[in-house]
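What follows is the content of input01.txt, which has compact mmCIF, C-alpha atoms and all ligand atoms:
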# COMPACT_ATOMS: atom_id res chain seq x y z
CA MET A 1 6.60 20.07 -8.12
CA ASN A 2 6.74 21.03 -4.44
CA SER A 3 9.48 23.59 -3.82
CA ASP A 4 9.44 22.96 -0.04
CA LYS A 5 11.68 19.94 0.69
CA SER A 6 10.07 18.98 4.00
CA LEU A 7 7.16 16.51 3.99
CA THR A 8 3.78 17.13 5.61
CA LYS A 9 2.43 14.79 8.30
CA THR A 10 -0.31 13.75 5.86
CA THR A 11 2.26 12.78 3.21
CA ILE A 12 4.24 10.72 5.72
CA PHE A 13 1.12 9.04 7.17
CA LEU A 14 -0.30 8.14 3.73
CA HIS A 15 3.08 6.82 2.55
CA TRP A 16 3.57 4.38 5.44
CA PHE A 17 -0.08 3.45 5.91
CA ILE A 18 -0.73 2.67 2.23
CA GLY A 19 2.76 1.24 1.58
CA LEU A 20 2.64 -1.24 4.48
CA ALA A 21 -1.02 -2.10 3.82
CA ILE A 22 -0.25 -2.88 0.16
CA ILE A 23 2.66 -5.15 1.14
CA ALA A 24 0.40 -6.97 3.65
CA MET A 25 -2.40 -7.26 1.05
CA ILE A 26 0.02 -8.72 -1.54
CA ILE A 27 1.22 -11.36 0.96
CA VAL A 28 -2.33 -12.21 2.14
CA GLY A 29 -3.68 -12.17 -1.47
CA TYR A 30 -0.93 -14.49 -2.68
CA CYS A 31 -1.37 -16.92 0.27
CA MET A 32 -5.17 -17.02 0.08
CA ASP A 33 -5.05 -17.77 -3.66
CA GLU A 34 -2.16 -20.25 -3.46
CA PHE A 35 -3.49 -22.18 -0.43
CA LYS A 36 -7.20 -21.65 -1.19
CA LEU A 37 -7.87 -19.94 2.14
CA ARG A 38 -11.51 -19.10 1.37
CA SER A 39 -12.20 -17.53 4.78
CA LEU A 40 -9.70 -14.74 4.01
CA TYR A 41 -11.42 -13.63 0.78
CA PRO A 42 -14.08 -11.37 2.39
CA ILE A 43 -11.48 -9.78 4.70
CA HIS A 44 -9.07 -9.15 1.79
CA LYS A 45 -11.85 -7.62 -0.31
CA SER A 46 -13.27 -5.45 2.50
CA ILE A 47 -9.85 -4.05 3.50
CA GLY A 48 -9.02 -3.52 -0.21
CA ILE A 49 -12.16 -1.44 -0.77
CA ILE A 50 -11.47 0.68 2.35
CA LEU A 51 -7.86 1.17 1.20
CA PHE A 52 -9.14 2.29 -2.20
CA VAL A 53 -10.63 5.43 -0.58
CA PHE A 54 -7.27 6.39 0.99
CA ILE A 55 -5.39 5.53 -2.21
CA LEU A 56 -7.71 7.64 -4.37
CA TYR A 57 -7.27 10.59 -2.02
CA ARG A 58 -3.47 10.14 -2.13
CA VAL A 59 -3.31 9.90 -5.92
CA ILE A 60 -5.48 13.03 -6.40
CA ARG A 61 -3.37 14.88 -3.82
CA ARG A 62 -0.16 13.80 -5.59
CA LEU A 63 -1.47 14.87 -9.00
CA ILE A 64 -2.36 18.30 -7.61
CA ARG A 65 0.81 18.84 -5.55
CA GLY A 66 3.38 16.90 -7.63
CA PHE A 67 6.08 14.68 -6.12
CA PRO A 68 8.23 16.30 -3.41
CA GLU A 69 11.65 17.45 -4.60
CA HIS A 70 14.54 15.01 -3.97
CA VAL A 71 16.87 15.83 -1.10
CA ALA A 72 19.69 13.79 -2.68
CA GLU A 73 21.91 14.78 -5.60
CA MET A 74 21.04 12.60 -8.62
CA ASN A 75 22.22 12.38 -12.20
CA SER A 76 19.61 12.49 -14.97
CA MET A 77 19.48 8.68 -15.31
CA GLU A 78 18.95 8.12 -11.56
CA ASN A 79 16.35 10.87 -11.58
CA PHE A 80 14.48 9.21 -14.46
CA VAL A 81 14.52 5.71 -12.90
CA SER A 82 13.45 7.03 -9.50
CA LYS A 83 10.54 9.01 -11.04
CA ALA A 84 9.49 6.01 -13.15
CA VAL A 85 9.40 3.69 -10.09
CA LEU A 86 7.40 6.29 -8.09
CA TRP A 87 4.83 6.55 -10.90
CA VAL A 88 4.57 2.74 -11.19
CA LEU A 89 4.01 2.53 -7.41
CA LEU A 90 1.41 5.29 -7.42
CA ILE A 91 -0.58 3.96 -10.39
CA GLY A 92 -0.16 0.34 -9.24
CA THR A 93 -1.64 1.09 -5.81
CA LEU A 94 -4.69 2.55 -7.56
CA LEU A 95 -5.09 -0.28 -10.08
CA PHE A 96 -4.82 -3.02 -7.43
CA PRO A 97 -8.19 -2.32 -5.73
CA ILE A 98 -9.83 -1.30 -9.03
CA SER A 99 -8.87 -4.61 -10.65
CA GLY A 100 -9.97 -6.52 -7.52
CA MET A 101 -13.38 -4.86 -7.66
CA MET A 102 -13.65 -5.54 -11.41
CA MET A 103 -12.85 -9.23 -10.84
CA THR A 104 -15.33 -9.56 -7.96
CA ALA A 105 -18.20 -7.41 -9.28
CA GLY A 106 -17.74 -8.71 -12.86
CA GLY A 107 -17.97 -12.26 -11.53
CA GLY A 108 -21.38 -11.40 -10.01
CA HIS A 109 -20.16 -11.71 -6.39
CA GLY A 110 -21.22 -8.17 -5.50
CA LEU A 111 -19.15 -5.88 -3.31
CA ASN A 112 -19.41 -5.53 0.43
CA VAL A 113 -17.29 -4.08 3.22
CA PHE A 114 -17.44 -6.26 6.33
CA GLY A 115 -21.10 -7.13 5.61
CA PHE A 116 -22.13 -3.64 4.47
CA GLU A 117 -23.41 -4.19 0.93
CA LEU A 118 -22.23 -1.75 -1.77
CA LEU A 119 -23.32 -3.89 -4.73
CA ALA A 120 -25.60 -6.91 -4.39
CA PRO A 121 -24.49 -10.28 -5.81
CA ASN A 122 -26.05 -11.06 -9.18
CA VAL A 123 -28.25 -14.04 -8.32
CA ILE A 124 -30.70 -15.40 -10.88
CA ASP A 125 -32.91 -18.42 -10.04
CA GLY A 126 -30.84 -19.02 -6.93
CA LYS A 127 -27.56 -19.14 -8.88
CA ARG A 128 -24.76 -16.57 -8.96
CA VAL A 129 -24.32 -15.30 -12.51
CA ALA A 130 -21.39 -13.20 -13.81
CA LEU A 131 -22.28 -9.60 -14.68
CA SER A 132 -19.53 -9.56 -17.31
CA HIS A 133 -17.02 -12.34 -18.00
CA ASN A 134 -14.76 -9.85 -19.80
CA ILE A 135 -14.60 -7.42 -16.87
CA HIS A 136 -14.04 -10.34 -14.48
CA GLU A 137 -11.18 -11.73 -16.59
CA ILE A 138 -9.51 -8.36 -17.28
CA GLY A 139 -9.64 -7.63 -13.52
CA GLU A 140 -8.19 -11.05 -12.66
CA GLU A 141 -5.37 -10.71 -15.21
CA MET A 142 -4.56 -7.16 -14.04
CA HIS A 143 -4.50 -8.32 -10.39
CA LYS A 144 -1.99 -11.10 -11.27
CA ILE A 145 0.25 -8.82 -13.39
CA LEU A 146 0.18 -6.13 -10.67
CA MET A 147 1.34 -8.67 -8.10
CA ILE A 148 4.55 -9.20 -10.13
CA VAL A 149 5.10 -5.60 -11.28
CA MET A 150 4.39 -4.11 -7.85
CA SER A 151 6.53 -6.65 -5.99
CA ILE A 152 9.49 -5.70 -8.23
CA ALA A 153 8.78 -1.95 -7.90
CA ILE A 154 8.49 -2.24 -4.09
CA LEU A 155 11.82 -4.15 -3.89
CA LEU A 156 13.53 -1.49 -6.07
CA HIS A 157 12.00 1.28 -3.96
CA VAL A 158 13.13 -0.29 -0.66
CA ALA A 159 16.61 -1.02 -2.06
CA ALA A 160 16.96 2.59 -3.28
CA SER A 161 15.90 4.04 0.07
CA LEU A 162 18.40 1.78 1.91
CA LYS A 163 21.13 2.84 -0.54
CA HIS A 164 20.29 6.51 0.15
CA HIS A 165 20.43 5.91 3.89
CA PHE A 166 23.43 3.60 4.33
CA ILE A 167 25.63 4.26 1.28
CA ALA A 168 24.96 7.84 0.14
CA LYS A 169 24.07 8.78 3.76
CA ASP A 170 21.61 11.46 2.65
CA ALA A 171 18.32 12.52 4.29
CA THR A 172 15.89 10.74 1.93
CA LEU A 173 14.75 8.02 4.38
CA LYS A 174 15.02 10.27 7.46
CA ARG A 175 12.70 12.79 5.81
CA MET A 176 10.09 10.07 5.21
CA LEU A 177 10.44 9.02 8.85
CA GLY A 178 9.58 12.59 9.84
CA LYS A 179 13.09 13.35 11.18
CA LYS A 180 14.85 16.65 10.59
C1 LIG A 201 -5.87 -2.77 -2.24
C2 LIG A 201 -4.99 -3.49 -2.65
C3 LIG A 201 -5.02 -4.93 -3.05
C4 LIG A 201 -3.90 -5.68 -3.17
C5 LIG A 201 -2.48 -5.21 -2.93
C6 LIG A 201 -4.31 -7.00 -3.59
C7 LIG A 201 -3.43 -8.05 -3.83
C8 LIG A 201 -3.80 -9.31 -4.22
C9 LIG A 201 -2.88 -10.35 -4.58
C10 LIG A 201 -1.36 -10.23 -4.62
C11 LIG A 201 -3.60 -11.45 -4.88
C12 LIG A 201 -3.07 -12.83 -5.35
C13 LIG A 201 -3.13 -12.87 -6.85
C14 LIG A 201 -2.64 -14.18 -7.41
O1 LIG A 201 -2.14 -15.03 -6.67
O2 LIG A 201 -2.79 -14.36 -8.61
C15 LIG A 201 -4.98 -11.12 -4.70
C16 LIG A 201 -6.03 -11.99 -4.91
C17 LIG A 201 -7.36 -11.60 -4.91
N1 LIG A 201 -7.85 -10.34 -4.66
FE1 LIG A 201 -6.78 -8.70 -4.18
N2 LIG A 201 -5.67 -7.05 -3.70
C18 LIG A 201 -6.16 -5.80 -3.39
C19 LIG A 201 -7.49 -5.42 -3.39
C20 LIG A 201 -8.56 -6.24 -3.72
C21 LIG A 201 -9.95 -5.84 -3.77
C22 LIG A 201 -10.46 -4.44 -3.48
C23 LIG A 201 -10.67 -6.93 -4.13
C24 LIG A 201 -12.14 -7.08 -4.33
C25 LIG A 201 -13.07 -6.30 -3.87
C26 LIG A 201 -9.73 -8.04 -4.29
C27 LIG A 201 -10.08 -9.32 -4.64
C28 LIG A 201 -9.22 -10.38 -4.78
C29 LIG A 201 -9.63 -11.75 -5.09
C30 LIG A 201 -11.05 -12.23 -5.32
C31 LIG A 201 -8.46 -12.51 -5.17
C32 LIG A 201 -8.33 -14.00 -5.48
C33 LIG A 201 -8.11 -14.21 -6.94
C34 LIG A 201 -8.25 -15.65 -7.34
O3 LIG A 201 -8.83 -16.43 -6.59
O4 LIG A 201 -7.78 -15.95 -8.45
N3 LIG A 201 -8.46 -7.59 -4.05
N4 LIG A 201 -5.08 -9.80 -4.30
Can you dump the structure from the file as structure tokens?
Ligand code: HEM
Amino acid sequence: MNSDKSLTKTTIFLHWFIGLAIIAMIIVGYCMDEFKLRSLYPIHKSIGIILFVFILYRVIRRLIRGFPEHVAEMNSMENFVSKAVLWVLLIGTLLFPISGMMMTAGGGHGLNVFGFELLAPNVIDGKRVALSHNIHEIGEEMHKILMIVMSIAILLHVAASLKHHFIAKDATLKRMLGKK
């Protein structure tokens, strides 16, 4: 646990960059799947893999440093729920790109970032062949479940921060905006 209640610039940058990127990726991912927008698939995958690097760095940093101490007074129940949602958000951000890569690589599509090949597609006799159906399906299922779980966790997280700001009028949101 961090004893210092102020947040570093890195913490604030990673929070907003990853948070907003995940929201955008959920919206784009949902639309491309729902409306079969094939041209968006490579963009979604490439951005997801790049985000994975930032997310991994953030998760390792959080595990080493712990979550920052709350600035607001909370009872034990509120404290528990708020910690639980923060853990779901942290782990969910990590599992999103991992499950996407499992689905794509397992399906034999290979992995590439804007044309830069990280893993070649598995092509045998001119046909794409799955590397592992199980890994593909587990990844696909995880990706779908995460869409629901993370959308709920994000809504709870946004609602809680608005409650802190407008109802409790404490410094929780201001601190994350880098204000004193
Ligand atoms: C980094 C965060 C990511 C987020 C937040 C995210 C989110 C989503 C969401 C919400 C969907 C729609 C799921 C559905 O409608 O069932 C989706 C679809 C998809 N995502 Fe991601 N994704 C991420 C990363 C990745 C990565 C890294 C890959 C692959 C390298 C990937 C590959 C895919 C594919 C292939 C689909 C379409 C699934 C289908 O056609 O059934 N995603 N994504």
Problem set entry | Test item: residues at most 10 Å from Lys174 (chain A), only C-alpha atoms, excluding those fewer than 6 positions along its chain, as a count of residues only | 4
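Closest approach to Leu14 (chain A) from the set A:Leu90, A:Ala130, A:Leu37, A:Ala72 is made by A:Leu90, with distances taken over only C-alpha atoms.
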Exercise. Which one of A:Ile26, A:Thr172, A:Phe116, A:Lys163 sits closest to Met150 (chain A) if you count all atoms listed in the file?
Worked result: A:Ile26
Exercise. Can you list, as a list in words, every protein, DNA or RNA residue that comes within 9 Å of Phe52 (chain A) when you count only C-alpha atoms, leaving out same-chain residues fewer than 5 positions away?
Worked result: Ile47, Tyr57, Thr93, Leu94, Phe96, Pro97 and Ile98 of chain A
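Rounded to one decimal, CA of Ser132 (chain A) and atom C26 of ligand LIG 201 (chain A) lie 16.4 Å from each other.
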Dump as a tab-separated table the rows for residues of chain A within 9 Å of ligand LIG 201 (chain A): closest atom pair and distance in Å with one decimal, all atoms listed in the file counted, ordered by chain and rising residue number.
residue	atom	partner	partner_atom	distance
A:Ile18	CA	A:LIG201	C1	8.7
A:Ala21	CA	A:LIG201	C5	7.6
A:Ile22	CA	A:LIG201	C5	4.5
A:Ile23	CA	A:LIG201	C5	6.6
A:Ala24	CA	A:LIG201	C5	7.4
A:Met25	CA	A:LIG201	C5	4.5
A:Ile26	CA	A:LIG201	C10	3.7
A:Ile27	CA	A:LIG201	C10	6.3
A:Val28	CA	A:LIG201	C9	7.0
A:Gly29	CA	A:LIG201	C11	3.5
A:Tyr30	CA	A:LIG201	C12	3.8
A:Cys31	CA	A:LIG201	C12	7.2
A:Met32	CA	A:LIG201	C32	7.1
A:Asp33	CA	A:LIG201	O3	5.0
A:Glu34	CA	A:LIG201	O1	6.1
A:Lys36	CA	A:LIG201	O3	7.7
A:Arg38	CA	A:LIG201	O3	8.8
A:Tyr41	CA	A:LIG201	C30	6.3
A:Pro42	CA	A:LIG201	C25	8.1
A:His44	CA	A:LIG201	N3	6.1
A:Lys45	CA	A:LIG201	C25	4.0
A:Ser46	CA	A:LIG201	C25	6.4
A:Ile47	CA	A:LIG201	C22	7.0
A:Gly48	CA	A:LIG201	C22	3.7
A:Ile49	CA	A:LIG201	C22	4.4
A:Ile50	CA	A:LIG201	C22	7.8
A:Leu51	CA	A:LIG201	C1	5.6
A:Phe52	CA	A:LIG201	C1	6.0
A:Ile55	CA	A:LIG201	C1	8.3
A:Gly92	CA	A:LIG201	C5	8.7
A:Thr93	CA	A:LIG201	C2	6.5
A:Leu94	CA	A:LIG201	C1	7.6
A:Leu95	CA	A:LIG201	C2	8.1
A:Phe96	CA	A:LIG201	C3	4.8
A:Pro97	CA	A:LIG201	C22	3.8
A:Ile98	CA	A:LIG201	C22	6.4
A:Ser99	CA	A:LIG201	C21	7.1
A:Gly100	CA	A:LIG201	C23	3.5
A:Met101	CA	A:LIG201	C25	4.1
A:Met102	CA	A:LIG201	C24	7.4
A:Met103	CA	A:LIG201	C30	6.5
A:Thr104	CA	A:LIG201	C24	5.4
A:Ala105	CA	A:LIG201	C25	7.5
A:Gly110	CA	A:LIG201	C25	8.5
A:Leu111	CA	A:LIG201	C25	6.1
A:Asn112	CA	A:LIG201	C25	7.7
A:Val113	CA	A:LIG201	C25	8.5
A:Glu140	CA	A:LIG201	O4	6.5
A:Glu141	CA	A:LIG201	O2	8.0
A:His143	CA	A:LIG201	C13	5.9
A:Lys144	CA	A:LIG201	O2	4.3
A:Ile145	CA	A:LIG201	O2	7.9
A:Leu146	CA	A:LIG201	C10	7.5
A:Met147	CA	A:LIG201	C10	4.7
A:Ile148	CA	A:LIG201	C10	8.1
A:Met150	CA	A:LIG201	C5	8.5
A:Ser151	CA	A:LIG201	C10	8.8
Dump of C-alpha atoms for the selected residues, as an mmCIF file, in the coordinates of the input:
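In the end it all went to out_25.cif:
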data_model
loop_
_atom_site.group_PDB
_atom_site.id
_atom_site.type_symbol
_atom_site.label_atom_id
_atom_site.label_comp_id
_atom_site.auth_asym_id
_atom_site.auth_seq_id
_atom_site.Cartn_x
_atom_site.Cartn_y
_atom_site.Cartn_z
ATOM 1 C CA ILE A 18 -0.730 2.670 2.230
ATOM 2 C CA ALA A 21 -1.020 -2.100 3.820
ATOM 3 C CA ILE A 22 -0.250 -2.880 0.160
ATOM 4 C CA ILE A 23 2.660 -5.150 1.140
ATOM 5 C CA ALA A 24 0.400 -6.970 3.650
ATOM 6 C CA MET A 25 -2.400 -7.260 1.050
ATOM 7 C CA ILE A 26 0.020 -8.720 -1.540
ATOM 8 C CA ILE A 27 1.220 -11.360 0.960
ATOM 9 C CA VAL A 28 -2.330 -12.210 2.140
ATOM 10 C CA GLY A 29 -3.680 -12.170 -1.470
ATOM 11 C CA TYR A 30 -0.930 -14.490 -2.680
ATOM 12 C CA CYS A 31 -1.370 -16.920 0.270
ATOM 13 C CA MET A 32 -5.170 -17.020 0.080
ATOM 14 C CA ASP A 33 -5.050 -17.770 -3.660
ATOM 15 C CA GLU A 34 -2.160 -20.250 -3.460
ATOM 16 C CA LYS A 36 -7.200 -21.650 -1.190
ATOM 17 C CA ARG A 38 -11.510 -19.100 1.370
ATOM 18 C CA TYR A 41 -11.420 -13.630 0.780
ATOM 19 C CA PRO A 42 -14.080 -11.370 2.390
ATOM 20 C CA HIS A 44 -9.070 -9.150 1.790
ATOM 21 C CA LYS A 45 -11.850 -7.620 -0.310
ATOM 22 C CA SER A 46 -13.270 -5.450 2.500
ATOM 23 C CA ILE A 47 -9.850 -4.050 3.500
ATOM 24 C CA GLY A 48 -9.020 -3.520 -0.210
ATOM 25 C CA ILE A 49 -12.160 -1.440 -0.770
ATOM 26 C CA ILE A 50 -11.470 0.680 2.350
ATOM 27 C CA LEU A 51 -7.860 1.170 1.200
ATOM 28 C CA PHE A 52 -9.140 2.290 -2.200
ATOM 29 C CA ILE A 55 -5.390 5.530 -2.210
ATOM 30 C CA GLY A 92 -0.160 0.340 -9.240
ATOM 31 C CA THR A 93 -1.640 1.090 -5.810
ATOM 32 C CA LEU A 94 -4.690 2.550 -7.560
ATOM 33 C CA LEU A 95 -5.090 -0.280 -10.080
ATOM 34 C CA PHE A 96 -4.820 -3.020 -7.430
ATOM 35 C CA PRO A 97 -8.190 -2.320 -5.730
ATOM 36 C CA ILE A 98 -9.830 -1.300 -9.030
ATOM 37 C CA SER A 99 -8.870 -4.610 -10.650
ATOM 38 C CA GLY A 100 -9.970 -6.520 -7.520
ATOM 39 C CA MET A 101 -13.380 -4.860 -7.660
ATOM 40 C CA MET A 102 -13.650 -5.540 -11.410
ATOM 41 C CA MET A 103 -12.850 -9.230 -10.840
ATOM 42 C CA THR A 104 -15.330 -9.560 -7.960
ATOM 43 C CA ALA A 105 -18.200 -7.410 -9.280
ATOM 44 C CA GLY A 110 -21.220 -8.170 -5.500
ATOM 45 C CA LEU A 111 -19.150 -5.880 -3.310
ATOM 46 C CA ASN A 112 -19.410 -5.530 0.430
ATOM 47 C CA VAL A 113 -17.290 -4.080 3.220
ATOM 48 C CA GLU A 140 -8.190 -11.050 -12.660
ATOM 49 C CA GLU A 141 -5.370 -10.710 -15.210
ATOM 50 C CA HIS A 143 -4.500 -8.320 -10.390
ATOM 51 C CA LYS A 144 -1.990 -11.100 -11.270
ATOM 52 C CA ILE A 145 0.250 -8.820 -13.390
ATOM 53 C CA LEU A 146 0.180 -6.130 -10.670
ATOM 54 C CA MET A 147 1.340 -8.670 -8.100
ATOM 55 C CA ILE A 148 4.550 -9.200 -10.130
ATOM 56 C CA MET A 150 4.390 -4.110 -7.850
ATOM 57 C CA SER A 151 6.530 -6.650 -5.990
#
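In this comparison, which uses only C-alpha atoms, the residue of A:Gly19, A:Phe114, A:Thr8, A:Met77 approaching Ile43 (chain A) most closely is A:Phe114.
The shortest atom-to-atom distance to Val71 (chain A), with only C-alpha atoms taken into account, belongs to A:Lys5 out of A:Lys5, A:Arg128, A:Lys169, A:His157.
Closest approach to Arg175 (chain A) from the set A:Ile152, A:Pro68, A:Phe80, A:Arg61 is made by A:Pro68, with distances taken over only C-alpha atoms.
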Exercise. To one decimal place, how far is CA of Trp87 (chain A) from CA of Glu137 (chain A) in Å?
Worked result: 25.0 Å
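Note that the spacing between CA of Met74 (chain A) and CA of Val88 (chain A) amounts to 19.4 Å.
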Exercise. Excluding same-chain residues fewer than 6 positions from Glu73 (chain A), what lies within 10 Å of it counting all atoms listed in the file, as a VMD selection string?
Worked result: chain A and resid 79 168 170
